[in-house]
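Everything on this sheet refers to the single structure shown next.
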Amino acid sequence: MEENKETNKTVIVTGGSRGIGAEIVKLLAKEKYNIVLNYNKSESQAKQIQENLLQENIKIEIFRADVSKREEVKKLIKFTLEKFKTIDVLINNAGITSEKLFTETTDEEWNTMINTNLNSVFYCSQEALKEMINKKQGCIINISSIWGVTGGSCEVAYSVAKAGINGLTKALAKEVGLSNIRVNAIAPGIIETEMNSHLSSKEKNEIKEEIPLNKIGMPIDIAKCVKWLIEDEYTTGQIISINGGWYI
């Protein structure tokens, strides 16, 4: 078994067991990055990804942590440093979605959305930056959403959390730029994932008709952009919209 060399970049992917996160993990692992796949509830999916990659002679680490809680984030960071001695890239991908009228959204639902989708980015970024600032090098990529840019009806809490990510991305990029740390976000449109599995074929076709490229995005479309943002050295503070032209 050939493990990735310690000289290769080490990447943490939160929410890496499903959807976009899983595709990011698989693409970067095959590019020889050292990967820590973070998951919370989807242990079986995380282990399956790990086993599938092992069959290709690729080893990744998996670690359970609820990234909406700072103490668990600290454990994730500690685990990564113990395994690989460094954190080069943080991909804040963990998130949930919900569709509900704003007037019917409860305090608990609102707080859960903000904690999971926005506070997790705050906790993970702050803890990872301790290592990145110390060595004057790093890359943070936040997975936002088209609704964080333009807002989504019946998805106010989700839109607020994602808009917060966009604001955090721009401000933090200015703050840590002199430490040679880049911070960017990707705002996907509709992507073919489990998160959108509730949509019927008719609903998907109606959305496709609104998209200039006339197709739904795939997780690999986002993963490829993540790979580019890791490799690029002069892009920071950007919210990159990947939505087939749905919102321009």
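By convention here, the chains of the structure tokens are called A, B, ... in the order presented, each chain's residues are numbered starting at 1, and ligands are numbered starting at 1 in the order presented.
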At a cut-off of 9 Å, can you tabulate as JSON lines every residue of segment 131-218 of chain A near segment 235-248 of chain A together with its closest atom pair and the distance in Å to one decimal, using only C-alpha atoms and ordering rows by chain then number?
```
{"residue": "A:Ser144", "atom": "CA", "partner": "A:Ile239", "partner_atom": "CA", "distance": 8.2}
{"residue": "A:Ser145", "atom": "CA", "partner": "A:Ser241", "partner_atom": "CA", "distance": 8.1}
{"residue": "A:Ile146", "atom": "CA", "partner": "A:Ser241", "partner_atom": "CA", "distance": 7.0}
{"residue": "A:Val149", "atom": "CA", "partner": "A:Ile239", "partner_atom": "CA", "distance": 8.7}
{"residue": "A:Thr150", "atom": "CA", "partner": "A:Tyr247", "partner_atom": "CA", "distance": 8.1}
{"residue": "A:Asn166", "atom": "CA", "partner": "A:Ile239", "partner_atom": "CA", "distance": 6.7}
{"residue": "A:Thr169", "atom": "CA", "partner": "A:Gly237", "partner_atom": "CA", "distance": 5.9}
{"residue": "A:Lys170", "atom": "CA", "partner": "A:Gly237", "partner_atom": "CA", "distance": 4.4}
{"residue": "A:Ala171", "atom": "CA", "partner": "A:Gly237", "partner_atom": "CA", "distance": 7.4}
{"residue": "A:Leu172", "atom": "CA", "partner": "A:Gly237", "partner_atom": "CA", "distance": 7.7}
{"residue": "A:Ala173", "atom": "CA", "partner": "A:Gly237", "partner_atom": "CA", "distance": 4.9}
{"residue": "A:Lys174", "atom": "CA", "partner": "A:Gly237", "partner_atom": "CA", "distance": 7.2}
{"residue": "A:Gly177", "atom": "CA", "partner": "A:Thr236", "partner_atom": "CA", "distance": 8.1}
{"residue": "A:Ile181", "atom": "CA", "partner": "A:Thr236", "partner_atom": "CA", "distance": 8.4}
{"residue": "A:Arg182", "atom": "CA", "partner": "A:Thr236", "partner_atom": "CA", "distance": 5.0}
{"residue": "A:Val183", "atom": "CA", "partner": "A:Thr236", "partner_atom": "CA", "distance": 5.3}
{"residue": "A:Asn184", "atom": "CA", "partner": "A:Gln238", "partner_atom": "CA", "distance": 5.0}
{"residue": "A:Ala185", "atom": "CA", "partner": "A:Ile239", "partner_atom": "CA", "distance": 4.7}
{"residue": "A:Ile186", "atom": "CA", "partner": "A:Ile240", "partner_atom": "CA", "distance": 4.7}
{"residue": "A:Ala187", "atom": "CA", "partner": "A:Ser241", "partner_atom": "CA", "distance": 4.7}
{"residue": "A:Pro188", "atom": "CA", "partner": "A:Ile242", "partner_atom": "CA", "distance": 4.8}
{"residue": "A:Gly189", "atom": "CA", "partner": "A:Asn243", "partner_atom": "CA", "distance": 4.1}
{"residue": "A:Ile190", "atom": "CA", "partner": "A:Asn243", "partner_atom": "CA", "distance": 6.7}
{"residue": "A:Ile191", "atom": "CA", "partner": "A:Asn243", "partner_atom": "CA", "distance": 8.3}
{"residue": "A:Ile207", "atom": "CA", "partner": "A:Trp246", "partner_atom": "CA", "distance": 8.8}
{"residue": "A:Lys208", "atom": "CA", "partner": "A:Trp246", "partner_atom": "CA", "distance": 8.7}
{"residue": "A:Glu210", "atom": "CA", "partner": "A:Trp246", "partner_atom": "CA", "distance": 6.4}
{"residue": "A:Ile211", "atom": "CA", "partner": "A:Trp246", "partner_atom": "CA", "distance": 4.5}
{"residue": "A:Pro212", "atom": "CA", "partner": "A:Gly245", "partner_atom": "CA", "distance": 5.4}
{"residue": "A:Leu213", "atom": "CA", "partner": "A:Gly244", "partner_atom": "CA", "distance": 5.3}
{"residue": "A:Asn214", "atom": "CA", "partner": "A:Gly244", "partner_atom": "CA", "distance": 7.6}
{"residue": "A:Lys215", "atom": "CA", "partner": "A:Gly244", "partner_atom": "CA", "distance": 7.3}
{"residue": "A:Ile216", "atom": "CA", "partner": "A:Gly244", "partner_atom": "CA", "distance": 7.7}
{"residue": "A:Gly217", "atom": "CA", "partner": "A:Asn243", "partner_atom": "CA", "distance": 6.9}
```
### Query
Contacts of segment 87-101 of chain A at 7 Å or less, counting only C-alpha atoms, minus same-chain residues fewer than 6 places along, as a VMD selection string?
chain A and resid 9 to 15 21 81 113 116 to 117 121 128 131 to 132 138 to 143 154 to 155 158
Just to be explicit: take each residue in the selection above, keep C-alpha atoms, and write the result as an mmCIF file, in the first residue's frame.
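Dumped to again-v8.cif:
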```cif
data_model
loop_
_atom_site.group_PDB
_atom_site.id
_atom_site.type_symbol
_atom_site.label_atom_id
_atom_site.label_comp_id
_atom_site.auth_asym_id
_atom_site.auth_seq_id
_atom_site.Cartn_x
_atom_site.Cartn_y
_atom_site.Cartn_z
ATOM 1 C CA LYS A 9 -0.729 18.849 0.673
ATOM 2 C CA THR A 10 -3.081 17.807 3.434
ATOM 3 C CA VAL A 11 -6.764 18.554 2.903
ATOM 4 C CA ILE A 12 -9.700 18.438 5.329
ATOM 5 C CA VAL A 13 -13.096 18.038 3.664
ATOM 6 C CA THR A 14 -16.025 18.569 6.028
ATOM 7 C CA GLY A 15 -19.201 16.720 5.117
ATOM 8 C CA GLY A 21 -18.071 16.521 -0.573
ATOM 9 C CA LEU A 81 -2.115 17.364 12.738
ATOM 10 C CA MET A 113 -29.341 25.934 10.070
ATOM 11 C CA THR A 116 -24.546 23.746 10.796
ATOM 12 C CA ASN A 117 -24.049 25.863 7.683
ATOM 13 C CA VAL A 121 -17.295 27.544 8.773
ATOM 14 C CA ALA A 128 -7.305 25.649 10.998
ATOM 15 C CA GLU A 131 -1.754 26.269 11.854
ATOM 16 C CA MET A 132 -1.935 28.118 8.529
ATOM 17 C CA GLY A 138 -2.910 27.920 3.385
ATOM 18 C CA CYS A 139 -6.076 27.698 1.356
ATOM 19 C CA ILE A 140 -9.687 27.782 2.551
ATOM 20 C CA ILE A 141 -12.544 26.936 0.180
ATOM 21 C CA ASN A 142 -16.129 27.403 1.335
ATOM 22 C CA ILE A 143 -19.024 25.715 -0.433
ATOM 23 C CA CYS A 154 -38.967 29.291 1.143
ATOM 24 C CA GLU A 155 -35.258 28.897 1.907
ATOM 25 C CA TYR A 158 -30.507 28.544 4.200
#
```
### Task
Select from segment 59-202 of chain A everything DSSP, run on the backbone, classes as helix (DSSP H, G or I), then give the selection as a PyMOL selection string.
chain A and resi 70-84+102-104+107-135+146-150+156-179+194-196+201-202
### Task
Point out the residue among A:Cys124, A:Ile114, A:Met195, A:Leu28 with the least atom-to-atom distance to Ser159 of chain A, counting only C-alpha atoms.
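Counting only C-alpha atoms, the residue closest to Ser159 of chain A is A:Ile114.
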### Task
Find the residues near Pro219 of chain A: any atom within 9 Å, counting only C-alpha atoms, skip ones fewer than 2 places away on the same chain, and give them as JSON, numbers by chain.
{"A": [19, 20, 21, 22, 23, 24, 191, 192, 193, 217, 221, 222, 223, 224]}
#### Entry: Residue list (strand (DSSP E), DSSP) for segment 52-213 of chain A, as a ChimeraX atom specification
/A:61-64,89-92,138-143,181-188
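Closest approach to Ala65 of chain A among A:Lys162, A:Lys136, A:Lys30, A:Lys41: A:Lys41, based on only C-alpha atoms.
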### Message
Which residue is closest to Ile60 of chain A? Choose from A:Asp232, A:Glu72, A:Glu194, A:Glu31 and count only C-alpha atoms.
### Response
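Under the stated criterion, the closest residue is A:Glu31.
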### Query
To one decimal place, how far is atom CA of Gln137 of chain A from atom CA of Ser179 of chain A in Å?
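Separation between atom CA of Gln137 of chain A and atom CA of Ser179 of chain A: 6.5 Å.
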### Query
Can you tell me, as a list in words, what residues are no more than 10 Å from Gln126 of chain A when counting only C-alpha atoms, ignoring any on the same chain fewer than 6 positions away?
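Listing them by chain and then by number gives Arg70, Val73, Lys74, Ser120 and Met132 of chain A.
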Could you save the residues just selected, with C-alpha atoms, as a PDB file, in the first residue's frame?
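The resulting selection_4.pdb:
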```
ATOM      1  CA  ARG A  70     -16.255  23.904  18.362  1.00  0.00           C
ATOM      2  CA  VAL A  73     -13.813  20.752  15.452  1.00  0.00           C
ATOM      3  CA  LYS A  74     -10.787  20.979  17.744  1.00  0.00           C
ATOM      4  CA  SER A 120     -19.220  25.425  11.288  1.00  0.00           C
ATOM      5  CA  MET A 132      -1.935  28.118   8.529  1.00  0.00           C
TER       6      MET A 132
END
```
### Query
Taking into account only C-alpha atoms, which residue in the set A:Leu53, A:Phe84, A:Val67, A:Ser17 is nearest to Asn34 of chain A?
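Among A:Leu53, A:Phe84, A:Val67, A:Ser17, it is A:Phe84 that comes nearest to Asn34 of chain A.
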### Task
Using atom CA of Val36 of chain A and atom CA of Phe79 of chain A as the two end points, give the distance in Å to one decimal.
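So the two atoms, atom CA of Val36 of chain A and atom CA of Phe79 of chain A, lie 9.0 Å apart.
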